[in-house]
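Visitor: So here's entry-v5.cif (mmCIF, C-alpha atoms).
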data_input
loop_
_atom_site.group_PDB
_atom_site.id
_atom_site.type_symbol
_atom_site.label_atom_id
_atom_site.label_comp_id
_atom_site.auth_asym_id
_atom_site.auth_seq_id
_atom_site.Cartn_x
_atom_site.Cartn_y
_atom_site.Cartn_z
ATOM 1 C CA MET A 1 11.817 18.985 -26.848
ATOM 2 C CA ASP A 2 11.347 15.252 -27.563
ATOM 3 C CA ARG A 3 10.451 14.239 -24.001
ATOM 4 C CA LYS A 4 9.392 10.668 -23.271
ATOM 5 C CA VAL A 5 7.297 10.232 -20.148
ATOM 6 C CA TYR A 6 5.427 7.698 -18.040
ATOM 7 C CA ILE A 7 2.228 8.163 -16.078
ATOM 8 C CA GLY A 8 1.690 6.912 -12.519
ATOM 9 C CA VAL A 9 -1.882 6.616 -11.208
ATOM 10 C CA ASP A 10 -2.960 5.687 -7.672
ATOM 11 C CA ILE A 11 -6.688 4.965 -7.257
ATOM 12 C CA GLY A 12 -7.987 5.542 -3.740
ATOM 13 C CA GLY A 13 -11.424 5.559 -2.202
ATOM 14 C CA MET A 14 -11.672 9.360 -2.180
ATOM 15 C CA THR A 15 -9.138 10.603 -4.735
ATOM 16 C CA VAL A 16 -7.214 9.408 -7.764
ATOM 17 C CA LYS A 17 -3.634 10.679 -7.639
ATOM 18 C CA LEU A 18 -1.712 11.133 -10.887
ATOM 19 C CA GLY A 19 1.887 11.933 -11.786
ATOM 20 C CA ILE A 20 3.796 12.510 -15.020
ATOM 21 C CA PHE A 21 7.358 11.183 -14.810
ATOM 22 C CA GLU A 22 10.517 11.690 -16.794
ATOM 23 C CA GLY A 23 12.740 9.054 -15.237
ATOM 24 C CA GLU A 24 12.750 9.666 -11.482
ATOM 25 C CA LYS A 25 11.679 13.274 -11.942
ATOM 26 C CA ILE A 26 8.031 14.146 -11.351
ATOM 27 C CA LEU A 27 7.077 16.787 -13.921
ATOM 28 C CA LYS A 28 3.558 17.184 -12.590
ATOM 29 C CA GLN A 29 1.407 15.613 -9.897
ATOM 30 C CA TRP A 30 -2.224 16.253 -9.052
ATOM 31 C CA ALA A 31 -5.413 14.559 -7.922
ATOM 32 C CA ILE A 32 -9.019 14.226 -9.026
ATOM 33 C CA PRO A 33 -12.073 12.974 -7.080
ATOM 34 C CA THR A 34 -12.770 9.242 -7.240
ATOM 35 C CA ARG A 35 -16.094 8.574 -8.942
ATOM 36 C CA VAL A 36 -16.458 4.912 -8.148
ATOM 37 C CA LYS A 37 -18.381 3.673 -11.193
ATOM 38 C CA GLU A 38 -16.013 1.619 -13.334
ATOM 39 C CA GLN A 39 -16.336 3.429 -16.639
ATOM 40 C CA THR A 40 -16.459 6.806 -14.899
ATOM 41 C CA ILE A 41 -13.069 6.268 -13.279
ATOM 42 C CA ALA A 42 -11.557 5.036 -16.541
ATOM 43 C CA SER A 43 -12.781 8.062 -18.485
ATOM 44 C CA ASP A 44 -11.865 10.449 -15.662
ATOM 45 C CA ILE A 45 -8.298 9.109 -15.594
ATOM 46 C CA ALA A 46 -7.976 9.342 -19.365
ATOM 47 C CA GLU A 47 -9.247 12.926 -19.469
ATOM 48 C CA ALA A 48 -7.021 13.961 -16.559
ATOM 49 C CA ILE A 49 -3.958 12.536 -18.330
ATOM 50 C CA LYS A 50 -4.854 14.378 -21.522
ATOM 51 C CA GLU A 51 -5.224 17.662 -19.639
ATOM 52 C CA GLY A 52 -1.976 17.143 -17.732
ATOM 53 C CA MET A 53 -0.022 16.444 -20.894
ATOM 54 C CA LYS A 54 -1.573 19.493 -22.585
ATOM 55 C CA GLU A 55 -0.542 21.684 -19.666
ATOM 56 C CA LEU A 56 3.067 20.484 -19.989
ATOM 57 C CA GLU A 57 2.896 20.885 -23.773
ATOM 58 C CA ILE A 58 4.031 17.279 -24.304
ATOM 59 C CA PRO A 59 2.216 15.294 -27.044
ATOM 60 C CA GLU A 60 0.240 12.286 -25.830
ATOM 61 C CA GLU A 61 2.178 10.035 -28.205
ATOM 62 C CA HIS A 62 5.247 10.690 -26.040
ATOM 63 C CA ILE A 63 3.717 8.676 -23.203
ATOM 64 C CA LEU A 64 5.532 5.323 -23.170
ATOM 65 C CA GLY A 65 3.228 3.678 -20.660
ATOM 66 C CA ILE A 66 0.758 4.085 -17.809
ATOM 67 C CA GLY A 67 1.000 2.319 -14.457
ATOM 68 C CA ILE A 68 -2.047 2.141 -12.184
ATOM 69 C CA GLY A 69 -2.339 1.065 -8.558
ATOM 70 C CA VAL A 70 -5.700 -0.282 -7.376
ATOM 71 C CA PRO A 71 -6.904 -1.134 -3.839
ATOM 72 C CA GLY A 72 -7.423 -4.798 -4.644
ATOM 73 C CA ASN A 73 -6.023 -7.740 -6.566
ATOM 74 C CA ALA A 74 -5.328 -7.440 -10.282
ATOM 75 C CA ARG A 75 -3.358 -8.995 -13.109
ATOM 76 C CA PRO A 76 -0.492 -6.951 -14.576
ATOM 77 C CA ASP A 77 -2.441 -6.616 -17.842
ATOM 78 C CA GLY A 78 -5.096 -4.579 -16.051
ATOM 79 C CA PHE A 79 -7.820 -7.079 -15.218
ATOM 80 C CA VAL A 80 -9.064 -6.321 -11.699
ATOM 81 C CA TYR A 81 -10.425 -9.386 -9.924
ATOM 82 C CA ASN A 82 -11.664 -7.537 -6.879
ATOM 83 C CA ALA A 83 -11.367 -4.040 -5.388
ATOM 84 C CA SER A 84 -14.061 -4.059 -2.716
ATOM 85 C CA ASN A 85 -13.349 -0.560 -1.369
ATOM 86 C CA ILE A 86 -14.430 0.934 -4.698
ATOM 87 C CA GLY A 87 -16.960 -1.749 -5.606
ATOM 88 C CA TRP A 88 -15.137 -3.434 -8.497
ATOM 89 C CA LYS A 89 -15.231 -7.116 -9.384
ATOM 90 C CA ASP A 90 -13.931 -8.739 -12.590
ATOM 91 C CA TYR A 91 -13.332 -5.441 -14.370
ATOM 92 C CA ASP A 92 -10.807 -4.948 -17.186
ATOM 93 C CA LEU A 93 -9.473 -1.516 -16.235
ATOM 94 C CA GLY A 94 -6.476 -1.798 -18.566
ATOM 95 C CA ALA A 95 -8.674 -2.347 -21.616
ATOM 96 C CA ALA A 96 -10.961 0.546 -20.639
ATOM 97 C CA ILE A 97 -8.034 2.981 -20.382
ATOM 98 C CA LYS A 98 -6.460 1.774 -23.640
ATOM 99 C CA GLU A 99 -9.733 2.277 -25.510
ATOM 100 C CA THR A 100 -9.495 6.004 -24.812
ATOM 101 C CA LEU A 101 -5.754 6.668 -24.883
ATOM 102 C CA ASN A 102 -4.295 3.827 -26.987
ATOM 103 C CA ILE A 103 -1.316 3.656 -24.606
ATOM 104 C CA PRO A 104 -0.034 0.464 -22.908
ATOM 105 C CA VAL A 105 -1.279 0.029 -19.344
ATOM 106 C CA ALA A 106 0.055 -2.072 -16.446
ATOM 107 C CA VAL A 107 -1.923 -2.477 -13.208
ATOM 108 C CA GLY A 108 -0.915 -3.640 -9.743
ATOM 109 C CA ASN A 109 -2.077 -3.724 -6.147
ATOM 110 C CA ASP A 110 -1.502 -0.341 -4.499
ATOM 111 C CA ALA A 111 0.401 -1.743 -1.508
ATOM 112 C CA ASN A 112 2.685 -3.733 -3.815
ATOM 113 C CA LEU A 113 3.402 -0.609 -5.840
ATOM 114 C CA ALA A 114 4.171 1.388 -2.702
ATOM 115 C CA ALA A 115 6.791 -1.270 -1.914
ATOM 116 C CA LEU A 116 8.162 -1.000 -5.453
ATOM 117 C CA ALA A 117 8.470 2.765 -5.007
ATOM 118 C CA GLU A 118 10.409 2.375 -1.765
ATOM 119 C CA TYR A 119 12.677 -0.151 -3.494
ATOM 120 C CA TRP A 120 13.338 2.276 -6.349
ATOM 121 C CA VAL A 121 13.912 5.597 -4.588
ATOM 122 C CA GLY A 122 12.911 5.155 -0.939
ATOM 123 C CA ALA A 123 13.820 3.412 2.295
ATOM 124 C CA GLY A 124 14.137 0.034 0.565
ATOM 125 C CA LYS A 125 16.723 0.983 -2.047
ATOM 126 C CA ASP A 126 19.532 -0.641 -0.027
ATOM 127 C CA TYR A 127 17.836 -4.060 -0.082
ATOM 128 C CA SER A 128 17.061 -6.659 -2.731
ATOM 129 C CA SER A 129 14.359 -8.287 -0.579
ATOM 130 C CA PHE A 130 12.048 -6.723 1.983
ATOM 131 C CA VAL A 131 8.461 -6.620 3.177
ATOM 132 C CA MET A 132 6.594 -3.337 3.335
ATOM 133 C CA ILE A 133 3.645 -3.091 5.707
ATOM 134 C CA THR A 134 1.248 -0.169 5.342
ATOM 135 C CA ILE A 135 -0.621 0.502 8.590
ATOM 136 C CA GLY A 136 -3.667 2.702 8.053
ATOM 137 C CA THR A 137 -7.389 2.015 8.146
ATOM 138 C CA GLY A 138 -6.414 -1.409 6.771
ATOM 139 C CA LEU A 139 -3.204 -3.415 6.762
ATOM 140 C CA GLY A 140 -1.508 -3.478 3.365
ATOM 141 C CA GLY A 141 1.473 -5.610 2.478
ATOM 142 C CA GLY A 142 3.959 -5.560 -0.367
ATOM 143 C CA ILE A 143 6.803 -8.028 -0.878
ATOM 144 C CA ILE A 144 9.932 -7.342 -2.909
ATOM 145 C CA ASN A 145 12.082 -10.402 -3.608
ATOM 146 C CA GLU A 146 15.295 -10.111 -5.618
ATOM 147 C CA GLY A 147 14.147 -6.711 -6.805
ATOM 148 C CA ARG A 148 10.742 -7.844 -8.071
ATOM 149 C CA ILE A 149 7.210 -7.599 -6.710
ATOM 150 C CA VAL A 150 5.716 -10.877 -5.506
ATOM 151 C CA ASN A 151 2.315 -10.648 -7.237
ATOM 152 C CA GLY A 152 0.998 -14.176 -6.936
ATOM 153 C CA MET A 153 -1.355 -15.948 -9.338
ATOM 154 C CA MET A 154 -4.254 -13.480 -8.959
ATOM 155 C CA GLY A 155 -2.390 -10.426 -7.753
ATOM 156 C CA SER A 156 -2.924 -11.279 -4.090
ATOM 157 C CA GLY A 157 0.717 -11.769 -3.136
ATOM 158 C CA GLY A 158 1.627 -9.823 -0.018
ATOM 159 C CA GLU A 159 -1.868 -9.773 1.531
ATOM 160 C CA ILE A 160 -0.426 -10.255 4.984
ATOM 161 C CA GLY A 161 -3.353 -8.463 6.626
ATOM 162 C CA HIS A 162 -5.374 -11.629 6.187
ATOM 163 C CA ILE A 163 -2.992 -14.054 7.836
ATOM 164 C CA PRO A 164 -5.116 -15.827 10.500
ATOM 165 C CA VAL A 165 -3.645 -15.134 13.947
ATOM 166 C CA ASN A 166 -6.545 -15.810 16.334
ATOM 167 C CA PRO A 167 -8.851 -18.800 15.747
ATOM 168 C CA GLN A 168 -10.952 -17.798 18.805
ATOM 169 C CA GLU A 169 -11.995 -14.432 17.336
ATOM 170 C CA THR A 170 -15.729 -14.063 16.647
ATOM 171 C CA LEU A 171 -15.669 -10.560 15.136
ATOM 172 C CA ARG A 172 -15.538 -10.692 11.345
ATOM 173 C CA CYS A 173 -12.866 -9.020 9.271
ATOM 174 C CA GLY A 174 -13.851 -7.021 6.186
ATOM 175 C CA CYS A 175 -12.771 -10.030 4.101
ATOM 176 C CA GLY A 176 -15.417 -12.176 5.776
ATOM 177 C CA LYS A 177 -13.067 -14.321 7.882
ATOM 178 C CA CYS A 178 -12.463 -14.062 11.626
ATOM 179 C CA GLY A 179 -9.148 -13.566 13.425
ATOM 180 C CA CYS A 180 -7.200 -11.858 10.629
ATOM 181 C CA LEU A 181 -4.037 -9.948 11.461
ATOM 182 C CA GLU A 182 -5.698 -6.790 10.123
ATOM 183 C CA GLN A 183 -8.295 -6.941 12.909
ATOM 184 C CA TYR A 184 -5.653 -6.053 15.530
ATOM 185 C CA THR A 185 -2.986 -4.058 13.712
ATOM 186 C CA THR A 186 -4.518 -0.997 12.077
ATOM 187 C CA ALA A 187 -5.578 2.503 13.096
ATOM 188 C CA THR A 188 -9.140 1.191 13.047
ATOM 189 C CA ALA A 189 -8.185 -1.676 15.350
ATOM 190 C CA ILE A 190 -6.407 0.627 17.800
ATOM 191 C CA MET A 191 -9.515 2.795 18.009
ATOM 192 C CA ARG A 192 -11.793 -0.220 18.485
ATOM 193 C CA MET A 193 -9.633 -1.852 21.154
ATOM 194 C CA ALA A 194 -9.322 1.441 23.053
ATOM 195 C CA ARG A 195 -13.076 2.024 22.920
ATOM 196 C CA GLU A 196 -13.743 -1.500 24.200
ATOM 197 C CA ALA A 197 -11.214 -1.082 27.014
ATOM 198 C CA ILE A 198 -12.709 2.264 28.055
ATOM 199 C CA GLU A 199 -16.206 0.733 28.119
ATOM 200 C CA ALA A 200 -14.941 -2.191 30.221
ATOM 201 C CA GLY A 201 -13.486 0.268 32.760
ATOM 202 C CA GLU A 202 -10.864 -2.190 34.002
ATOM 203 C CA LEU A 203 -7.855 0.107 33.529
ATOM 204 C CA SER A 204 -7.273 3.719 34.477
ATOM 205 C CA THR A 205 -6.724 6.150 31.631
ATOM 206 C CA SER A 206 -6.084 9.807 30.961
ATOM 207 C CA ILE A 207 -7.904 9.566 27.624
ATOM 208 C CA GLU A 208 -10.973 11.780 27.910
ATOM 209 C CA SER A 209 -12.827 10.791 24.753
ATOM 210 C CA LYS A 210 -14.907 7.628 24.743
ATOM 211 C CA THR A 211 -14.109 7.299 21.030
ATOM 212 C CA PRO A 212 -10.382 8.153 20.844
ATOM 213 C CA THR A 213 -8.452 8.342 17.585
ATOM 214 C CA ALA A 214 -5.429 6.135 16.969
ATOM 215 C CA LYS A 215 -3.224 9.197 17.504
ATOM 216 C CA ASP A 216 -4.898 9.820 20.891
ATOM 217 C CA VAL A 217 -4.055 6.273 21.934
ATOM 218 C CA LEU A 218 -0.490 6.440 20.617
ATOM 219 C CA ASP A 219 0.173 9.747 22.374
ATOM 220 C CA ALA A 220 -1.269 8.411 25.625
ATOM 221 C CA ALA A 221 0.784 5.207 25.358
ATOM 222 C CA LYS A 222 3.985 7.209 24.897
ATOM 223 C CA ALA A 223 3.096 9.054 28.113
ATOM 224 C CA GLY A 224 2.638 5.756 29.974
ATOM 225 C CA ASP A 225 -1.174 5.669 30.157
ATOM 226 C CA PRO A 226 -2.064 2.130 31.410
ATOM 227 C CA LEU A 227 -5.016 1.571 29.090
ATOM 228 C CA ALA A 228 -3.232 2.916 26.020
ATOM 229 C CA VAL A 229 -0.117 0.876 26.809
ATOM 230 C CA LYS A 230 -2.248 -2.285 27.006
ATOM 231 C CA VAL A 231 -3.887 -1.540 23.650
ATOM 232 C CA MET A 232 -0.574 -0.838 21.946
ATOM 233 C CA ASP A 233 0.994 -3.957 23.454
ATOM 234 C CA THR A 234 -1.821 -6.041 21.954
ATOM 235 C CA PHE A 235 -1.294 -4.280 18.616
ATOM 236 C CA ALA A 236 2.471 -4.909 18.712
ATOM 237 C CA ASP A 237 2.110 -8.523 19.852
ATOM 238 C CA ARG A 238 -0.172 -9.394 16.942
ATOM 239 C CA LEU A 239 1.865 -7.470 14.367
ATOM 240 C CA GLY A 240 5.099 -9.034 15.635
ATOM 241 C CA GLN A 241 3.458 -12.456 15.322
ATOM 242 C CA GLY A 242 2.366 -11.768 11.740
ATOM 243 C CA MET A 243 5.756 -10.401 10.739
ATOM 244 C CA ALA A 244 7.489 -13.458 12.215
ATOM 245 C CA ILE A 245 5.222 -15.716 10.144
ATOM 246 C CA VAL A 246 6.157 -13.797 7.000
ATOM 247 C CA ALA A 247 9.845 -13.911 7.931
ATOM 248 C CA SER A 248 9.756 -17.692 8.248
ATOM 249 C CA VAL A 249 8.463 -17.893 4.670
ATOM 250 C CA MET A 250 10.731 -15.394 2.887
ATOM 251 C CA ASN A 251 13.520 -14.435 5.328
ATOM 252 C CA PRO A 252 13.658 -10.783 4.184
ATOM 253 C CA GLU A 253 16.535 -8.386 4.663
ATOM 254 C CA ALA A 254 14.211 -5.765 6.122
ATOM 255 C CA PHE A 255 10.694 -4.752 7.107
ATOM 256 C CA LEU A 256 9.492 -1.290 6.114
ATOM 257 C CA LEU A 257 6.535 0.252 7.920
ATOM 258 C CA GLY A 258 4.403 2.886 6.196
ATOM 259 C CA GLY A 259 0.919 4.389 6.514
ATOM 260 C CA GLY A 260 -0.480 6.819 9.062
ATOM 261 C CA VAL A 261 0.396 4.796 12.174
ATOM 262 C CA SER A 262 4.045 4.635 11.066
ATOM 263 C CA LYS A 263 4.348 8.339 11.895
ATOM 264 C CA ALA A 264 4.968 7.115 15.443
ATOM 265 C CA GLY A 265 8.482 6.345 14.149
ATOM 266 C CA ASP A 266 11.049 4.807 16.451
ATOM 267 C CA TYR A 267 8.468 4.362 19.206
ATOM 268 C CA LEU A 268 6.568 1.983 16.937
ATOM 269 C CA LEU A 269 9.654 0.094 15.762
ATOM 270 C CA ASN A 270 10.905 -0.370 19.326
ATOM 271 C CA LEU A 271 7.461 -1.522 20.448
ATOM 272 C CA ILE A 272 7.106 -4.184 17.743
ATOM 273 C CA ARG A 273 10.622 -5.635 17.653
ATOM 274 C CA PRO A 274 10.529 -7.559 20.990
ATOM 275 C CA TYR A 275 7.290 -9.270 19.999
ATOM 276 C CA TYR A 276 8.652 -10.049 16.536
ATOM 277 C CA GLU A 277 11.719 -11.659 18.126
ATOM 278 C CA LYS A 278 9.486 -13.561 20.558
ATOM 279 C CA TYR A 279 7.760 -15.397 17.695
ATOM 280 C CA LEU A 280 10.639 -15.490 15.228
ATOM 281 C CA PHE A 281 12.216 -18.668 13.905
ATOM 282 C CA LYS A 282 15.835 -18.222 14.916
ATOM 283 C CA GLY A 283 17.112 -18.991 11.448
ATOM 284 C CA CYS A 284 15.564 -15.689 10.311
ATOM 285 C CA VAL A 285 17.260 -13.258 12.685
ATOM 286 C CA GLY A 286 18.861 -10.052 11.481
ATOM 287 C CA ALA A 287 16.161 -8.234 9.515
ATOM 288 C CA ASP A 288 16.321 -4.440 9.686
ATOM 289 C CA PHE A 289 13.286 -2.390 10.713
ATOM 290 C CA ARG A 290 12.754 0.926 8.930
ATOM 291 C CA ILE A 291 10.071 3.539 8.451
ATOM 292 C CA ALA A 292 9.070 4.081 4.802
ATOM 293 C CA ILE A 293 9.843 7.595 3.566
ATOM 294 C CA LEU A 294 7.756 8.278 0.446
ATOM 295 C CA GLU A 295 4.435 8.636 2.276
ATOM 296 C CA ASN A 296 1.550 9.797 0.037
ATOM 297 C CA ASP A 297 3.718 9.885 -3.100
ATOM 298 C CA ALA A 298 4.567 6.180 -2.923
ATOM 299 C CA GLY A 299 1.514 5.123 -4.933
ATOM 300 C CA ILE A 300 2.149 7.222 -8.033
ATOM 301 C CA ILE A 301 5.909 6.614 -7.893
ATOM 302 C CA GLY A 302 5.441 2.850 -7.716
ATOM 303 C CA ALA A 303 2.834 2.934 -10.483
ATOM 304 C CA ALA A 304 5.177 4.902 -12.746
ATOM 305 C CA LYS A 305 7.998 2.469 -11.999
ATOM 306 C CA LEU A 306 5.703 -0.443 -12.889
ATOM 307 C CA ALA A 307 5.041 1.187 -16.268
ATOM 308 C CA MET A 308 8.758 1.804 -16.842
ATOM 309 C CA ASP A 309 9.599 -1.811 -16.067
ATOM 310 C CA SER A 310 6.702 -3.136 -18.148
ATOM 311 C CA PHE A 311 7.106 -0.937 -21.226
ATOM 312 C CA PRO A 312 10.686 0.329 -21.553
ATOM 313 C CA ALA A 313 10.079 0.895 -25.275
ATOM 314 C CA GLY A 314 6.429 1.926 -25.152
ATOM 315 C CA TRP A 315 4.098 0.207 -27.635
ATOM 316 C CA ASP A 316 7.070 -1.355 -29.427
ATOM 317 C CA GLU A 317 7.568 -3.546 -26.385
ATOM 318 C CA VAL A 318 4.064 -5.028 -26.577
ATOM 319 C CA THR A 319 3.514 -5.153 -30.341
ATOM 320 C CA GLU A 320 6.728 -6.743 -31.645
#
When written as structure tokens, how does the structure in this file appear?
Guide:
Amino acid sequence: MDRKVYIGVDIGGMTVKLGIFEGEKILKQWAIPTRVKEQTIASDIAEAIKEGMKELEIPEEHILGIGIGVPGNARPDGFVYNASNIGWKDYDLGAAIKETLNIPVAVGNDANLAALAEYWVGAGKDYSSFVMITIGTGLGGGIINEGRIVNGMMGSGGEIGHIPVNPQETLRCGCGKCGCLEQYTTATAIMRMAREAIEAGELSTSIESKTPTAKDVLDAAKAGDPLAVKVMDTFADRLGQGMAIVASVMNPEAFLLGGGVSKAGDYLLNLIRPYYEKYLFKGCVGADFRIAILENDAGIIGAAKLAMDSFPAGWDEVTE
């Protein structure tokens, strides 16, 4: 059968996820360990794609394009400016992959591609413009405007985690600045704020661990625990502030929340909305709040969609 396929790749700190797509259909998905050296990852991805295609008995020349999501900022042609979580700086990933496979490659920020996936087949498919916020160990952002990713000049569009929200903060963010939104609105931040509150001993709590997880804090807050409620109110206040800032710039139809913390569902949405409305410019009212639905598959789906949009005719599209 003359099947034409696209490859979606999502590079994470621990694993590289891969998927082979025929339109919206995932023919195969799997993962390999992330070996962080630049050339090692490139060769590992290439070999994994070759093996996956062999397993499906589809010739490699039937791959029309490869899309790759990276945890950092990159140009669409595959040049990665910075991906600090895996130690990359000024690395041409696209060229390294093409040297081995001779297949066109498009690269994007992983959070942006998760938003693209939700726009294509997920919770964002009813909107032409929305902001997706991924709340995990960090705070990722992806902006879709009129059906297209907002990449920015160096691939840093949508980095809402580094909006400055507290000029009095002395603790440094991973980016090197102080007072970033990400410092208050992640699973890591919830854990830190809870630990600090427990050590201060100013509020009663049913939390037994001195180093609670974000889930511990969320569960306790739902049950009305005073310390956990205070932590989650701080979280929601800061996130609502950041979202209101973004809304005043792009006036989106919706906000989508993804990542591990978003598993709190309606509790989380109902907690954030009052703070969002508190800070919101009134000309931007009306945005929907939704939980993203694609979860761990969003990265490979968005990467595949990037390849489809970039190379609808395979090499013909980039060599004419």
Visitor: Taking 5 positions as the minimum chain separation for residues in the same chain, which residues sit within 12 Å of A:Glu295 when counting only C-alpha atoms? Answer as a PDB file with C-alpha atoms, keeping the file's coordinate frame.
Guide:
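Contents of the output file part-v1.pdb:
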ATOM      1  CA  ALA A 111       0.401  -1.743  -1.508  1.00  0.00           C
ATOM      2  CA  ALA A 114       4.171   1.388  -2.702  1.00  0.00           C
ATOM      3  CA  ALA A 115       6.791  -1.270  -1.914  1.00  0.00           C
ATOM      4  CA  ALA A 117       8.470   2.765  -5.007  1.00  0.00           C
ATOM      5  CA  GLU A 118      10.409   2.375  -1.765  1.00  0.00           C
ATOM      6  CA  GLY A 122      12.911   5.155  -0.939  1.00  0.00           C
ATOM      7  CA  ALA A 123      13.820   3.412   2.295  1.00  0.00           C
ATOM      8  CA  THR A 134       1.248  -0.169   5.342  1.00  0.00           C
ATOM      9  CA  ILE A 135      -0.621   0.502   8.590  1.00  0.00           C
ATOM     10  CA  GLY A 136      -3.667   2.702   8.053  1.00  0.00           C
ATOM     11  CA  LEU A 256       9.492  -1.290   6.114  1.00  0.00           C
ATOM     12  CA  LEU A 257       6.535   0.252   7.920  1.00  0.00           C
ATOM     13  CA  GLY A 258       4.403   2.886   6.196  1.00  0.00           C
ATOM     14  CA  GLY A 259       0.919   4.389   6.514  1.00  0.00           C
ATOM     15  CA  GLY A 260      -0.480   6.819   9.062  1.00  0.00           C
ATOM     16  CA  VAL A 261       0.396   4.796  12.174  1.00  0.00           C
ATOM     17  CA  SER A 262       4.045   4.635  11.066  1.00  0.00           C
ATOM     18  CA  LYS A 263       4.348   8.339  11.895  1.00  0.00           C
ATOM     19  CA  ILE A 300       2.149   7.222  -8.033  1.00  0.00           C
ATOM     20  CA  ILE A 301       5.909   6.614  -7.893  1.00  0.00           C
ATOM     21  CA  GLY A 302       5.441   2.850  -7.716  1.00  0.00           C
TER      22      GLY A 302
END
Visitor: For the provided coordinates, the residues matched by the PyMOL selection byres ((chain A and resi 255) around 7) should be stated as a list in words.
Guide: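 Answer for the PyMOL selection byres ((chain A and resi 255) around 7): Phe130, Val131, Met132, Ala254, Leu256, Leu257, Ala287, Asp288, Phe289 and Arg290 of chain A.
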Visitor: Set the distance at 7 Å and use all atoms listed in the file: which residues neighbour A:Ala307 once local chain neighbours fewer than 5 positions away are removed? I'd like the list as a list in words.
Guide: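 Close residues of A:Ala307: Tyr6, Gly65, Ile66, Gly67 and Ala106 of chain A.
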Visitor: Measure the distance from atom CA of A:Pro252 to atom CA of A:Arg75 in Å and round it to one decimal.
Guide: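 Those two atoms sit 24.3 Å apart.
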Visitor: Can you translate the PyMOL selection byres ((chain A and resi 73) around 7) into the concrete residues it hits in this file, as a list in words?
Guide: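 Written out, the selection comes to Gly72, Ala74, Val80, Tyr81, Asn82, Ala83, Asn109, Met154, Gly155 and Ser156 of chain A.
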Visitor: Could you jot down the atom CA of A:Gly283 to atom CA of A:Asn251 separation for me, Å, one decimal place?
Guide: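 Here the two named atoms are 8.4 Å from each other.
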Visitor: Since I can't run it myself right now, could you work out what the PyMOL selection byres ((chain A and resi 164) around 7) selects here and report it as an NGL selection string?
Guide: :A and (162-163 or 165-166 or 179-181)
Visitor: In Å to one decimal, how far is atom CA of A:Gly138 from atom CA of A:Glu199?
Guide: 23.6 Å
Visitor: Choose the residue, out of A:Glu55, A:Asp44, A:Glu61, A:Asp297, that has the smallest atom-to-atom separation from A:Ala96; count only C-alpha atoms.
Guide: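 Checking each of A:Glu55, A:Asp44, A:Glu61, A:Asp297 against A:Ala96, counting only C-alpha atoms, the winner is A:Asp44.
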Visitor: Which of these residues is nearest to A:Val121, using all atoms listed in the file: A:Leu139, A:Glu24, A:Val246, A:Cys284?
Guide: A:Glu24
Visitor: Skipping near chain neighbours, those fewer than 2 positions away, what residues fall within 12 Å of A:Lys230 using all atoms listed in the file, listed as number ranges by chain?
Guide: A: 190, 193-194, 196-198, 202-205, 217-218, 220-222, 224-228, 232-237, 271
